[in-house]
file protein.cif (mmCIF, C-alpha atoms)
data_final
loop_
_atom_site.label_atom_id
_atom_site.label_comp_id
_atom_site.auth_asym_id
_atom_site.auth_seq_id
_atom_site.Cartn_x
_atom_site.Cartn_y
_atom_site.Cartn_z
CA MET A 12 0.00 0.00 0.00
CA ARG A 13 1.29 3.44 -0.88
CA GLU A 14 2.63 5.41 2.10
CA THR A 15 0.68 8.53 1.21
CA GLU A 16 -2.63 6.71 1.15
CA PRO A 17 -4.97 5.04 3.64
CA HIS A 18 -3.67 1.66 4.73
CA VAL A 19 -5.45 -1.64 5.23
CA ILE A 20 -5.19 -3.51 8.54
CA ASN A 21 -5.47 -7.26 8.14
CA ARG A 22 -6.14 -9.48 11.14
CA PRO A 23 -6.42 -13.25 11.03
CA GLY A 24 -10.06 -14.23 10.70
CA ALA A 25 -11.28 -10.62 10.62
CA PRO A 26 -12.41 -8.43 7.72
CA SER A 27 -10.01 -5.80 6.44
CA ARG A 28 -10.36 -2.21 7.59
CA LEU A 29 -9.78 1.00 5.70
CA VAL A 30 -8.13 3.47 8.10
CA THR A 31 -8.20 7.16 7.20
CA SER A 32 -8.74 9.49 10.16
CA PRO A 33 -9.19 9.13 13.93
CA LYS A 34 -12.20 11.49 13.74
CA PHE A 35 -14.56 8.62 12.90
CA LEU A 36 -14.78 4.89 13.35
CA PRO A 37 -11.80 3.31 11.55
CA ASP A 38 -13.93 0.37 10.45
CA ALA A 39 -16.72 2.47 8.87
CA PHE A 40 -16.13 0.78 5.51
CA SER A 41 -15.25 -2.68 6.81
CA LEU A 42 -16.71 -5.56 4.82
CA ARG A 43 -18.10 -8.92 5.73
CA PRO A 44 -15.79 -11.76 4.69
CA VAL A 45 -16.26 -12.36 0.97
CA LYS A 46 -16.07 -15.93 -0.23
CA ALA A 47 -16.04 -16.74 -3.92
CA ALA A 48 -17.83 -19.77 -5.31
CA VAL A 49 -15.69 -22.91 -5.21
CA VAL A 50 -16.46 -23.71 -8.84
CA SER A 51 -14.99 -20.38 -9.99
CA GLU A 52 -11.85 -20.94 -7.89
CA ILE A 53 -11.36 -24.37 -9.47
CA SER A 54 -11.95 -22.93 -12.94
CA GLU A 55 -9.43 -20.11 -12.47
CA ALA A 56 -6.83 -22.38 -10.90
CA THR A 57 -7.11 -24.72 -13.87
CA ALA A 58 -6.93 -21.91 -16.41
CA SER A 59 -3.87 -20.45 -14.68
CA SER A 60 -1.95 -23.70 -14.56
CA LEU A 61 1.17 -24.29 -16.63
CA VAL A 62 -0.20 -27.55 -18.05
CA PRO A 63 -0.61 -27.33 -21.86
CA ALA A 64 -4.20 -26.70 -22.92
CA GLU A 65 -4.40 -29.97 -24.84
CA GLU A 66 -3.43 -31.95 -21.73
CA ARG A 67 -5.90 -30.51 -19.22
CA VAL A 68 -9.64 -30.44 -18.64
CA ASN A 69 -11.23 -27.09 -17.84
CA PHE A 70 -13.70 -27.48 -14.99
CA HIS A 71 -16.76 -25.28 -15.19
CA ILE A 72 -20.51 -25.69 -14.97
CA GLY A 73 -21.88 -25.96 -18.49
CA ASN A 74 -18.44 -25.78 -20.09
CA PRO A 75 -19.12 -26.24 -23.82
CA VAL A 76 -17.24 -28.44 -26.24
CA GLN A 77 -14.32 -26.63 -27.88
CA ASP A 78 -12.98 -27.90 -31.16
CA PRO A 79 -11.38 -26.20 -34.21
CA ARG A 80 -13.91 -27.85 -36.49
CA LEU A 81 -16.76 -26.43 -34.42
CA VAL A 82 -15.19 -22.96 -34.59
CA GLU A 83 -15.15 -23.17 -38.39
CA LEU A 84 -18.76 -24.32 -38.54
CA TYR A 85 -19.89 -21.43 -36.32
CA ALA A 86 -17.91 -19.02 -38.51
CA ARG A 87 -19.54 -20.37 -41.65
CA ILE A 88 -22.98 -19.83 -40.14
CA ALA A 89 -22.13 -16.25 -39.16
CA LEU A 90 -20.66 -15.51 -42.59
CA GLY A 91 -23.54 -17.06 -44.48
CA LEU A 92 -21.39 -19.80 -45.99
CA GLY A 93 -22.60 -23.30 -46.55
CA PRO A 94 -20.90 -26.40 -45.18
CA GLY A 95 -17.47 -26.79 -46.65
CA LYS A 96 -14.40 -28.92 -46.31
CA VAL A 97 -13.08 -28.42 -42.80
CA ALA A 98 -9.54 -27.11 -42.81
CA ALA A 99 -7.24 -29.37 -40.84
CA ALA A 100 -4.30 -27.21 -39.82
CA GLY A 101 -4.26 -24.52 -42.51
CA ASP A 102 -4.88 -20.79 -42.31
CA LEU A 103 -8.60 -20.73 -41.58
CA ALA A 104 -8.91 -16.93 -41.78
CA ALA A 105 -7.24 -16.87 -45.20
CA ALA A 106 -9.38 -19.74 -46.47
CA LEU A 107 -12.64 -18.12 -45.39
CA THR A 108 -11.59 -14.72 -46.76
CA ALA A 109 -10.84 -16.28 -50.14
CA GLU A 110 -14.09 -18.24 -50.15
CA LEU A 111 -16.03 -15.05 -49.46
CA GLY A 112 -14.22 -13.23 -52.26
CA TRP A 113 -13.14 -10.47 -49.87
CA ASP A 114 -10.05 -8.33 -50.26
CA ALA A 115 -6.91 -9.02 -48.26
CA GLU A 116 -7.59 -6.07 -45.92
CA ASP A 117 -10.86 -7.72 -44.89
CA ARG A 118 -8.95 -10.62 -43.37
CA ALA A 119 -8.85 -8.73 -40.04
CA LYS A 120 -12.64 -8.93 -39.86
CA VAL A 121 -12.60 -12.70 -40.32
CA GLU A 122 -9.87 -13.03 -37.69
CA PHE A 123 -12.00 -10.97 -35.33
CA LEU A 124 -14.96 -13.27 -35.88
CA LEU A 125 -12.84 -16.37 -35.27
CA ASP A 126 -11.37 -14.90 -32.08
CA LEU A 127 -14.87 -13.92 -30.96
CA ILE A 128 -16.09 -17.49 -31.40
CA ARG A 129 -13.06 -19.05 -29.71
CA LYS A 130 -13.20 -16.75 -26.67
CA SER A 131 -16.98 -16.76 -26.28
CA ALA A 132 -17.22 -20.53 -25.91
CA PRO A 133 -15.46 -20.80 -22.53
CA TYR A 134 -16.36 -18.50 -19.66
CA LEU A 135 -14.14 -15.55 -18.81
CA PRO A 136 -12.52 -15.49 -15.36
CA ARG A 137 -14.11 -13.43 -12.60
CA GLY A 138 -13.33 -9.78 -13.20
CA GLY A 139 -12.87 -10.38 -16.91
CA PHE A 140 -9.21 -11.44 -16.95
CA LEU A 141 -6.66 -13.66 -15.24
CA LYS A 142 -4.36 -11.99 -12.73
CA ASN A 143 -1.26 -13.60 -14.18
CA LYS A 144 -2.33 -12.85 -17.76
CA PRO A 145 -4.45 -9.67 -17.92
CA GLY A 146 -4.98 -9.69 -21.68
CA GLU A 147 -4.90 -7.08 -24.42
CA LEU A 148 -7.84 -4.94 -23.31
CA ILE A 149 -6.38 -4.49 -19.83
CA ARG A 150 -3.03 -3.65 -21.38
CA LEU A 151 -4.68 -0.94 -23.48
CA PHE A 152 -6.45 0.39 -20.39
CA GLY A 153 -3.15 0.44 -18.51
CA GLU A 154 -1.60 2.46 -21.33
CA TRP A 155 -4.48 4.96 -21.13
CA LEU A 156 -3.85 5.36 -17.39
CA THR A 157 -0.10 5.78 -17.58
CA ARG A 158 0.31 7.80 -20.78
CA GLN A 159 -1.63 10.79 -19.55
CA PRO A 160 0.10 14.01 -18.45
CA GLU A 161 -0.55 12.91 -14.86
CA PRO A 162 -0.22 9.10 -14.90
CA LEU A 163 -1.80 6.79 -12.34
CA ALA A 164 -0.86 3.14 -11.97
CA TYR A 165 -3.29 0.55 -10.68
CA ASP A 166 -2.35 -3.00 -9.70
CA PHE A 167 -3.64 -5.63 -12.15
CA GLY A 168 -2.58 -8.42 -9.80
CA GLU A 169 0.20 -9.85 -11.96
CA LYS A 170 2.77 -9.80 -9.13
CA THR A 171 0.80 -9.21 -5.94
CA GLY A 172 -2.39 -11.15 -6.74
CA ARG A 173 -4.37 -8.17 -5.37
CA ARG A 174 -5.85 -6.32 -8.28
CA GLU A 175 -7.32 -2.84 -8.31
CA VAL A 176 -9.04 -3.11 -11.70
CA ILE A 177 -11.79 -5.38 -13.02
CA LEU A 178 -14.17 -5.42 -15.97
CA ALA A 179 -17.96 -5.44 -15.74
CA SER A 180 -20.73 -5.92 -18.31
CA GLY A 181 -23.99 -4.13 -18.91
CA GLY A 182 -23.06 -0.46 -18.85
CA ILE A 183 -22.90 2.10 -16.05
CA THR A 184 -26.44 1.64 -14.69
CA GLU A 185 -26.09 -2.13 -14.47
CA SER A 186 -22.63 -1.83 -12.91
CA LEU A 187 -24.05 0.52 -10.27
CA ARG A 188 -26.77 -2.03 -9.54
CA VAL A 189 -24.10 -4.62 -8.83
CA PHE A 190 -22.19 -2.10 -6.71
CA PHE A 191 -25.27 -1.15 -4.66
CA HIS A 192 -26.15 -4.80 -4.17
CA ALA A 193 -22.61 -5.41 -2.96
CA LEU A 194 -22.77 -2.54 -0.48
CA ALA A 195 -26.16 -3.60 0.87
CA SER A 196 -25.01 -7.18 1.39
CA GLN A 197 -21.34 -6.80 2.32
CA LEU A 198 -20.92 -3.61 4.37
CA GLN A 199 -20.74 -4.40 8.06
CA HIS A 200 -22.10 -1.02 9.13
CA LEU A 201 -25.52 -0.21 7.70
CA PRO A 202 -27.45 1.78 6.71
CA ALA A 203 -25.19 3.66 4.33
CA SER A 204 -25.89 7.00 2.65
CA ILE A 205 -25.63 7.35 -1.13
CA PHE A 206 -25.39 10.96 -2.31
CA SER A 207 -25.47 11.76 -6.02
CA HIS A 208 -24.39 14.80 -8.03
CA GLY A 209 -24.69 15.18 -11.78
CA ILE A 210 -26.28 11.76 -12.22
CA ARG A 211 -29.83 10.50 -11.89
CA ILE A 212 -30.22 7.20 -10.07
CA PRO A 213 -33.09 5.24 -11.68
CA PRO A 214 -35.97 4.29 -9.33
CA HIS A 215 -35.29 0.56 -9.58
CA LEU A 216 -31.78 1.13 -8.19
CA ARG A 217 -33.13 2.96 -5.14
CA GLN A 218 -34.97 -0.05 -3.73
CA PHE A 219 -32.25 -1.20 -1.32
CA GLU A 220 -33.56 -0.74 2.23
CA ALA A 221 -30.04 -0.60 3.68
CA LEU A 222 -29.02 2.26 1.38
CA HIS A 223 -30.42 5.77 1.78
CA PHE A 224 -30.31 7.78 -1.44
CA ARG A 225 -30.20 11.56 -1.59
CA PRO A 226 -29.57 13.73 -4.66
CA LEU A 227 -27.42 16.83 -4.20
CA PRO A 228 -28.02 20.25 -5.80
CA GLU A 229 -26.73 20.77 -9.33
CA ASN A 230 -24.60 23.71 -8.24
CA GLU A 231 -21.19 22.42 -7.11
CA THR A 232 -20.79 24.80 -4.18
CA ALA A 233 -24.29 24.12 -2.89
CA ALA A 234 -23.79 20.38 -3.33
CA ALA A 235 -20.59 20.42 -1.25
CA GLU A 236 -22.29 22.45 1.48
CA VAL A 237 -25.30 20.13 1.68
CA LEU A 238 -23.00 17.11 1.70
CA GLY A 239 -20.89 18.54 4.53
CA ARG A 240 -23.93 19.34 6.68
CA SER A 241 -25.43 15.90 6.13
CA LEU A 242 -22.21 14.14 7.09
CA ALA A 243 -21.88 16.32 10.19
CA ARG A 244 -25.29 15.07 11.37
CA ASN A 245 -24.45 11.40 10.65
CA GLY A 246 -20.74 11.35 11.38
CA ALA A 247 -20.27 7.61 11.90
CA ARG A 248 -22.46 6.37 9.03
CA PRO A 249 -20.54 5.18 5.92
CA SER A 250 -21.38 7.49 3.04
CA PHE A 251 -20.73 7.47 -0.69
CA VAL A 252 -21.06 10.32 -3.18
CA LEU A 253 -21.63 9.46 -6.86
CA LEU A 254 -20.23 12.04 -9.25
CA GLY A 255 -21.77 12.00 -12.69
CA LYS A 256 -19.90 15.02 -13.95
CA ILE A 257 -16.35 16.34 -13.65
CA LEU A 258 -15.91 18.83 -10.82
CA SER A 259 -13.76 21.94 -10.65
CA GLU A 260 -10.42 21.77 -8.88
CA GLU A 261 -11.78 23.82 -5.98
CA THR A 262 -14.73 21.50 -5.41
CA ARG A 263 -12.49 18.45 -5.63
CA ARG A 264 -10.30 19.96 -2.94
CA VAL A 265 -13.36 20.59 -0.74
CA LEU A 266 -14.51 16.97 -1.12
CA ARG A 267 -11.04 15.74 -0.22
CA LEU A 268 -11.15 17.77 3.00
CA ILE A 269 -14.64 16.48 3.80
CA SER A 270 -13.53 12.88 3.28
CA ARG A 271 -10.63 13.54 5.66
CA ASP A 272 -13.03 14.42 8.48
CA TYR A 273 -15.93 12.05 7.73
CA PRO A 274 -16.37 8.49 6.40
CA LEU A 275 -16.98 9.54 2.79
CA PHE A 276 -16.08 7.42 -0.23
CA ILE A 277 -15.96 8.96 -3.71
CA VAL A 278 -17.52 7.07 -6.64
CA GLU A 279 -16.81 8.61 -10.05
CA VAL A 280 -19.02 7.74 -13.00
CA ASN A 281 -17.90 10.66 -15.15
CA ASP A 282 -15.08 9.21 -17.29
CA ALA A 283 -12.67 11.74 -15.77
CA PRO A 284 -9.04 11.56 -16.92
CA ASN A 285 -6.46 11.28 -14.17
CA HIS A 286 -5.79 14.98 -13.68
CA LEU A 287 -9.52 15.68 -13.22
CA SER A 288 -10.18 12.70 -10.95
CA LEU A 289 -10.28 12.80 -7.17
CA ALA A 290 -8.07 9.72 -7.26
CA ARG A 291 -5.23 12.09 -8.14
CA GLU A 292 -5.73 14.18 -4.99
CA ALA A 293 -3.45 13.54 -2.00
CA LYS A 294 -4.40 10.41 -0.05
CA MET A 295 -7.48 9.84 -2.23
CA MET A 296 -6.51 7.00 -4.56
CA ASN A 297 -7.88 4.41 -2.14
CA ARG A 298 -10.89 6.56 -1.32
CA THR A 299 -12.03 6.90 -4.93
CA LEU A 300 -13.76 4.24 -7.01
CA ARG A 301 -13.79 4.95 -10.74
CA PHE A 302 -16.36 3.55 -13.20
CA LEU A 303 -14.96 4.23 -16.68
CA THR A 304 -16.67 3.52 -20.01
CA PRO A 305 -15.07 2.89 -23.42
CA ALA A 306 -15.72 6.59 -24.19
CA ILE A 307 -12.41 7.33 -22.45
CA PHE A 308 -10.73 6.04 -25.63
CA SER A 309 -13.08 7.64 -28.16
CA PRO A 310 -16.55 9.24 -28.07
CA LEU A 311 -17.56 6.80 -30.81
CA LEU A 312 -17.38 3.97 -28.26
CA ASP A 313 -19.74 5.59 -25.78
CA GLY A 314 -22.54 3.10 -26.41
CA LEU A 315 -20.53 -0.05 -25.67
CA SER A 316 -21.42 -1.83 -22.44
CA THR A 317 -18.03 -2.88 -21.03
CA VAL A 318 -17.10 -0.92 -17.89
CA PHE A 319 -13.65 -0.58 -16.27
CA ILE A 320 -13.83 -0.36 -12.47
CA ALA A 321 -10.68 0.86 -10.71
CA GLY A 322 -9.95 1.66 -7.08
CA PHE A 323 -9.57 0.25 -3.57
CA GLU A 324 -8.66 -3.44 -3.79
CA GLU A 325 -11.13 -4.61 -1.14
CA PHE A 326 -14.06 -2.95 -2.90
CA ILE A 327 -12.88 -4.23 -6.26
CA ARG A 328 -12.83 -7.79 -4.92
CA MET A 329 -16.28 -7.28 -3.41
CA ILE A 330 -17.75 -6.07 -6.72
CA GLU A 331 -16.04 -8.88 -8.62
CA THR A 332 -17.57 -11.52 -6.35
CA VAL A 333 -21.07 -10.04 -6.35
CA HIS A 334 -20.94 -9.59 -10.15
CA PHE A 335 -20.24 -13.31 -10.43
CA GLN A 336 -23.01 -14.19 -7.98
CA LEU A 337 -25.63 -12.06 -9.71
CA LYS A 338 -24.82 -12.52 -13.39
CA GLY A 339 -21.68 -14.59 -13.86
CA THR A 340 -18.47 -13.32 -15.42
CA PRO A 341 -18.26 -10.40 -17.88
CA SER A 342 -19.24 -10.96 -21.50
CA ALA A 343 -16.37 -12.31 -23.59
CA ALA A 344 -18.07 -11.16 -26.80
CA GLU A 345 -18.35 -7.55 -25.59
CA ILE A 346 -14.73 -7.47 -24.46
CA GLU A 347 -13.50 -8.96 -27.72
CA LEU A 348 -15.51 -6.43 -29.73
CA LEU A 349 -14.08 -3.52 -27.74
CA THR A 350 -10.56 -4.86 -28.15
CA PHE A 351 -11.06 -5.19 -31.91
CA LEU A 352 -12.39 -1.64 -32.20
CA LEU A 353 -9.53 -0.20 -30.14
CA LYS A 354 -7.05 -1.70 -32.56
CA ARG A 355 -8.59 0.46 -35.27
CA ARG A 356 -7.50 4.07 -35.29
CA LEU A 357 -10.49 5.82 -33.74
CA PRO A 358 -10.72 9.57 -33.03
CA ALA A 359 -9.18 10.68 -29.73
CA ARG A 360 -11.30 11.19 -26.64
CA ASP A 361 -11.50 14.95 -27.11
CA ALA A 362 -12.83 14.62 -30.64
CA SER A 363 -16.46 15.57 -31.15
CA PRO A 364 -18.72 12.64 -32.04
CA VAL A 365 -20.61 12.86 -35.30
CA PRO A 366 -24.32 13.36 -34.54
CA GLU A 367 -26.31 10.38 -35.66
CA GLU A 368 -29.50 8.57 -34.79
CA THR A 369 -29.56 6.20 -31.88
CA LEU A 370 -29.44 2.62 -33.12
CA TYR A 371 -32.11 1.40 -30.73
CA GLN A 372 -34.32 4.31 -29.81
CA GLU A 373 -36.22 4.11 -26.57
CA SER A 374 -39.94 4.75 -26.61
CA ALA A 375 -40.90 8.24 -25.53
CA PRO A 376 -42.50 8.45 -22.08
CA VAL A 377 -45.79 9.59 -23.60
CA LEU A 378 -46.30 6.40 -25.61
CA PRO A 379 -47.55 4.15 -22.77
CA GLY A 380 -50.27 6.70 -22.01
CA ILE A 381 -51.23 6.97 -25.66
CA HIS A 382 -51.41 3.20 -26.02
CA HIS A 383 -53.58 3.05 -22.92
CA ALA A 384 -55.90 5.77 -24.28
CA ALA A 385 -56.14 4.06 -27.65
CA GLY A 386 -56.96 0.74 -26.01
CA ALA A 387 -59.62 2.37 -23.86
CA ALA A 388 -61.17 4.06 -26.91
CA ILE A 389 -61.32 0.76 -28.76
CA ALA A 390 -62.88 -0.94 -25.76
CA ARG A 391 -65.56 1.77 -25.49
CA ILE A 392 -66.44 1.42 -29.18
CA GLU A 393 -66.64 -2.37 -28.86
CA THR A 394 -68.92 -2.08 -25.84
CA ARG A 395 -71.17 0.40 -27.62
CA ILE A 396 -71.40 -1.82 -30.68
CA ALA A 397 -72.23 -4.86 -28.58
CA ARG A 398 -74.93 -2.95 -26.70
CA ILE A 399 -76.53 -1.71 -29.92
CA ALA A 400 -76.33 -5.18 -31.43
CA ASN A 401 -78.10 -6.75 -28.49
CA ALA A 402 -80.83 -4.14 -28.59
CA GLN A 403 -81.52 -3.94 -32.28
CA GLY A 404 -80.45 -7.34 -33.53
CA ALA A 405 -80.08 -8.07 -37.19
CA ARG A 406 -81.85 -4.90 -38.31
CA MET A 407 -78.85 -2.84 -37.20
CA GLU A 408 -76.23 -4.97 -38.90
CA ASN A 409 -75.64 -2.58 -41.77
CA ARG A 410 -75.42 0.43 -39.46
CA LEU A 411 -73.00 -1.40 -37.19
CA CYS A 412 -70.73 -2.27 -40.07
CA SER A 413 -70.69 1.39 -41.03
CA VAL A 414 -69.87 2.43 -37.43
CA VAL A 415 -67.05 -0.12 -37.25
CA GLU A 416 -65.55 1.03 -40.53
CA ARG A 417 -65.68 4.73 -39.58
CA SER A 418 -64.23 3.97 -36.13
CA ALA A 419 -61.41 1.91 -37.57
CA GLU A 420 -60.56 4.66 -40.05
CA ARG A 421 -60.59 7.27 -37.28
CA LEU A 422 -58.34 5.17 -35.04
CA ALA A 423 -55.97 4.48 -37.91
CA ARG A 424 -55.65 8.18 -38.68
CA THR A 425 -55.30 9.22 -35.02
CA TRP A 426 -53.22 6.49 -33.44
CA GLY A 427 -51.71 4.59 -36.36
CA PRO A 428 -48.59 6.76 -36.85
CA VAL A 429 -47.88 6.79 -33.11
CA VAL A 430 -48.26 3.03 -32.74
CA ARG A 431 -46.10 2.35 -35.79
CA ALA A 432 -43.41 4.69 -34.49
CA SER A 433 -43.31 2.87 -31.16
CA VAL A 434 -42.91 -0.63 -32.58
CA VAL A 435 -39.39 -1.82 -31.85
CA SER A 436 -37.59 -3.26 -34.84
CA ASP A 437 -34.07 -4.57 -35.24
CA PRO A 438 -32.07 -2.22 -37.51
CA LEU A 439 -29.45 -4.96 -37.98
CA GLU A 440 -31.96 -7.52 -39.24
CA GLY A 441 -30.97 -8.91 -42.60
CA LEU A 442 -27.46 -7.43 -42.56
CA GLY A 443 -24.41 -9.58 -43.13
CA PHE A 444 -21.39 -9.75 -40.87
CA GLN A 445 -19.28 -7.42 -43.03
CA GLU A 446 -22.12 -4.84 -43.27
CA ILE A 447 -22.54 -4.78 -39.50
CA LEU A 448 -18.83 -4.14 -38.94
#
call {"tool": "encode", "arguments": {"input": "protein.cif", "output": "structure tokens"}}
result
Amino acid sequence: MRETEPHVINRPGAPSRLVTSPKFLPDAFSLRPVKAAVVSEISEATASSLVPAEERVNFHIGNPVQDPRLVELYARIALGLGPGKVAAAGDLAAALTAELGWDAEDRAKVEFLLDLIRKSAPYLPRGGFLKNKPGELIRLFGEWLTRQPEPLAYDFGEKTGRREVILASGGITESLRVFFHALASQLQHLPASIFSHGIRIPPHLRQFEALHFRPLPENETAAAEVLGRSLARNGARPSFVLLGKILSEETRRVLRLISRDYPLFIVEVNDAPNHLSLAREAKMMNRTLRFLTPAIFSPLLDGLSTVFIAGFEEFIRMIETVHFQLKGTPSAAEIELLTFLLKRRLPARDASPVPEETLYQESAPVLPGIHHAAGAAIARIETRIARIANAQGARMENRLCSVVERSAERLARTWGPVVRASVVSDPLEGLGFQEIL
């Protein structure tokens, strides 16, 4: 542990403690002992062994069959190719590229597809990578951290086995759900306060009884003042502040001073570079948890769902374990796609993204009400028709048909465009692999 940062006290049989200041309980952020599933420990131990892959059996629940012939068959399905002669030990990427009639520069796309298939069959390790072999995406993330004007180095666990970075799937909102679940189930001292600034916490994430949510004012100065007063009233309660936007240097300094006097943990979900992150402030690297999206590399990658989580090792391990318990390991396909895209020369992070339509547009909030109103109108017309039919019988048949036709035309004119606009369709339907890329 760095000398200028909070230090962790480890006692045999007791949870670790984050010590920061004698002004509050030193174990405010202590965690219950976290135990990973035995099956995942066996799986990782096997994957990390020095035994050649062809001489070992990977233990995992539901571990699928892995075979080069199966990889080729999957690739043929994805590429729209019919069954062909399975290549024994030749260059599969070159053979498929030639069969497709693609140019030599398109070979990279075929290689990407083959890597995607190979790496998606087995499960990824917990946290998205092995400690002794982090992988290419983690290497690229490490370069982003250390090649900034103010570099920060996090431990990937290669030498110490205690990593300060993991990967998560599902985007920021889903990663926060895992984080909140971890806090509610693993913090020894509850309830905990969750303050938020510059980010809206969806209602379904505020359902944890052990976590008390409170939004802060949009103004930075007012937010810091409200936060300070709230912590003064609940000095011993563990508190977290979620930052959805980058703060000014003055406000960051104020938060650092507040966290020195009260049990406050900083959670950044703002893609801040090192020099704008509270992790760069004195003694704050282990008091700041950073949720970083692929947009840190390029604004064009903002919509991808892989999330880098960096910070205090104990919290990282807690999130890793709860992520596995709730939803398994991160998505290999998502990580492979991000790695492939990062190898292409994308615009830098400070480049302005080209405005374009959202691929999958969400329905506007007004649509559920419109659908409800349309359904109610249809129901009223049906009831009226049935009542008239019962009263007048066959003599009214012609009139009823006329009413039905006029009503249907009116509904089509009034609600048809809205209903059609709200129908979700897949914009990628019917596209080939090369067109999608």
call {"tool": "residues_around", "arguments": {"input": "protein.cif", "residues": "Phe140 of chain A", "least_positions_apart": "4", "cutoff": "9 Å", "atoms": "all atoms listed in the file", "output": "ChimeraX atom specification"}}
result
/A:135-136,144-146,149,177-178
call {"tool": "atom_distance", "arguments": {"input": "protein.cif", "atom1": "atom CA of Val62 of chain A", "atom2": "atom CA of Leu141 of chain A"}}
result
15.6 Å
call {"tool": "closest_residue", "arguments": {"input": "protein.cif", "among": "A:Asp78, A:Asp272, A:Glu446, A:Glu260", "to": "Gly246 of chain A", "atoms": "all atoms listed in the file"}}
result
A:Asp272
call {"tool": "atom_distance", "arguments": {"input": "protein.cif", "atom1": "atom CA of Phe123 of chain A", "atom2": "atom CA of Phe152 of chain A"}}
result
19.6 Å
call {"tool": "atom_distance", "arguments": {"input": "protein.cif", "atom1": "atom CA of Gly168 of chain A", "atom2": "atom CA of Glu324 of chain A"}}
result
9.9 Å
call {"tool": "residues_around", "arguments": {"input": "protein.cif", "residues": "Leu227 of chain A", "least_positions_apart": "6", "cutoff": "8 Å", "atoms": "only C-alpha atoms", "output": "list in words"}}
result
Phe206, Ser207, His208, Ala234, Val237 and Leu238 of chain A
call {"tool": "resolve_selection", "arguments": {"input": "protein.cif", "expression": "the PyMOL selection byres ((chain A and resi 85-89) around 9)", "output": "list of chain:residue names"}}
result
A:Arg80, A:Leu81, A:Val82, A:Glu83, A:Leu84, A:Leu90, A:Gly91, A:Leu92, A:Gly93, A:Pro94, A:Gly95, A:Leu107, A:Val121, A:Leu124, A:Leu125, A:Ile128, A:Gly443, A:Phe444
call {"tool": "write_last_selection", "arguments": {"input": "protein.cif", "atoms": "C-alpha atoms", "output": "compact mmCIF listing (two decimals), keeping the file's coordinate frame"}}
result
# COMPACT_ATOMS: atom_id res chain seq x y z
CA ARG A 80 -13.91 -27.85 -36.49
CA LEU A 81 -16.76 -26.43 -34.42
CA VAL A 82 -15.19 -22.96 -34.59
CA GLU A 83 -15.15 -23.17 -38.39
CA LEU A 84 -18.76 -24.32 -38.54
CA LEU A 90 -20.66 -15.51 -42.59
CA GLY A 91 -23.54 -17.06 -44.48
CA LEU A 92 -21.39 -19.80 -45.99
CA GLY A 93 -22.60 -23.30 -46.55
CA PRO A 94 -20.90 -26.40 -45.18
CA GLY A 95 -17.47 -26.79 -46.65
CA LEU A 107 -12.64 -18.12 -45.39
CA VAL A 121 -12.60 -12.70 -40.32
CA LEU A 124 -14.96 -13.27 -35.88
CA LEU A 125 -12.84 -16.37 -35.27
CA ILE A 128 -16.09 -17.49 -31.40
CA GLY A 443 -24.41 -9.58 -43.13
CA PHE A 444 -21.39 -9.75 -40.87
call {"tool": "resolve_selection", "arguments": {"input": "protein.cif", "expression": "the PyMOL selection byres ((chain A and resi 282) around 8)", "output": "PDB file with C-alpha atoms, in the frame of the given file"}}
result
ATOM      1  CA  GLU A 279     -16.810   8.610 -10.050  1.00  0.00           C
ATOM      2  CA  VAL A 280     -19.020   7.740 -13.000  1.00  0.00           C
ATOM      3  CA  ASN A 281     -17.900  10.660 -15.150  1.00  0.00           C
ATOM      4  CA  ALA A 283     -12.670  11.740 -15.770  1.00  0.00           C
ATOM      5  CA  PRO A 284      -9.040  11.560 -16.920  1.00  0.00           C
ATOM      6  CA  ARG A 301     -13.790   4.950 -10.740  1.00  0.00           C
ATOM      7  CA  PHE A 302     -16.360   3.550 -13.200  1.00  0.00           C
ATOM      8  CA  LEU A 303     -14.960   4.230 -16.680  1.00  0.00           C
ATOM      9  CA  THR A 304     -16.670   3.520 -20.010  1.00  0.00           C
ATOM     10  CA  ALA A 306     -15.720   6.590 -24.190  1.00  0.00           C
ATOM     11  CA  ILE A 307     -12.410   7.330 -22.450  1.00  0.00           C
TER      12      ILE A 307
END
call {"tool": "resolve_selection", "arguments": {"input": "protein.cif", "expression": "the PyMOL selection byres ((chain A and resi 299) around 7)", "output": "PyMOL selection string"}}
result
chain A and resi 276-278+289-290+295-298+300-301+322
call {"tool": "write_last_selection", "arguments": {"input": "protein.cif", "atoms": "C-alpha atoms", "output": "compact mmCIF listing (two decimals), in the frame of the given file"}}
result
# COMPACT_ATOMS: atom_id res chain seq x y z
CA PHE A 276 -16.08 7.42 -0.23
CA ILE A 277 -15.96 8.96 -3.71
CA VAL A 278 -17.52 7.07 -6.64
CA LEU A 289 -10.28 12.80 -7.17
CA ALA A 290 -8.07 9.72 -7.26
CA MET A 295 -7.48 9.84 -2.23
CA MET A 296 -6.51 7.00 -4.56
CA ASN A 297 -7.88 4.41 -2.14
CA ARG A 298 -10.89 6.56 -1.32
CA LEU A 300 -13.76 4.24 -7.01
CA ARG A 301 -13.79 4.95 -10.74
CA GLY A 322 -9.95 1.66 -7.08
call {"tool": "closest_residue", "arguments": {"input": "protein.cif", "among": "A:Val176, A:Ala105, A:Ala164, A:Ile205", "to": "Leu148 of chain A", "atoms": "only C-alpha atoms"}}
result
A:Val176
call {"tool": "closest_residue", "arguments": {"input": "protein.cif", "among": "A:Arg355, A:Arg217, A:Ala343, A:Lys142", "to": "Lys170 of chain A", "atoms": "only C-alpha atoms"}}
result
A:Lys142
call {"tool": "closest_residue", "arguments": {"input": "protein.cif", "among": "A:Phe351, A:Ile269, A:Ile447, A:Pro341", "to": "Tyr134 of chain A", "atoms": "all atoms listed in the file"}}
result
A:Pro341
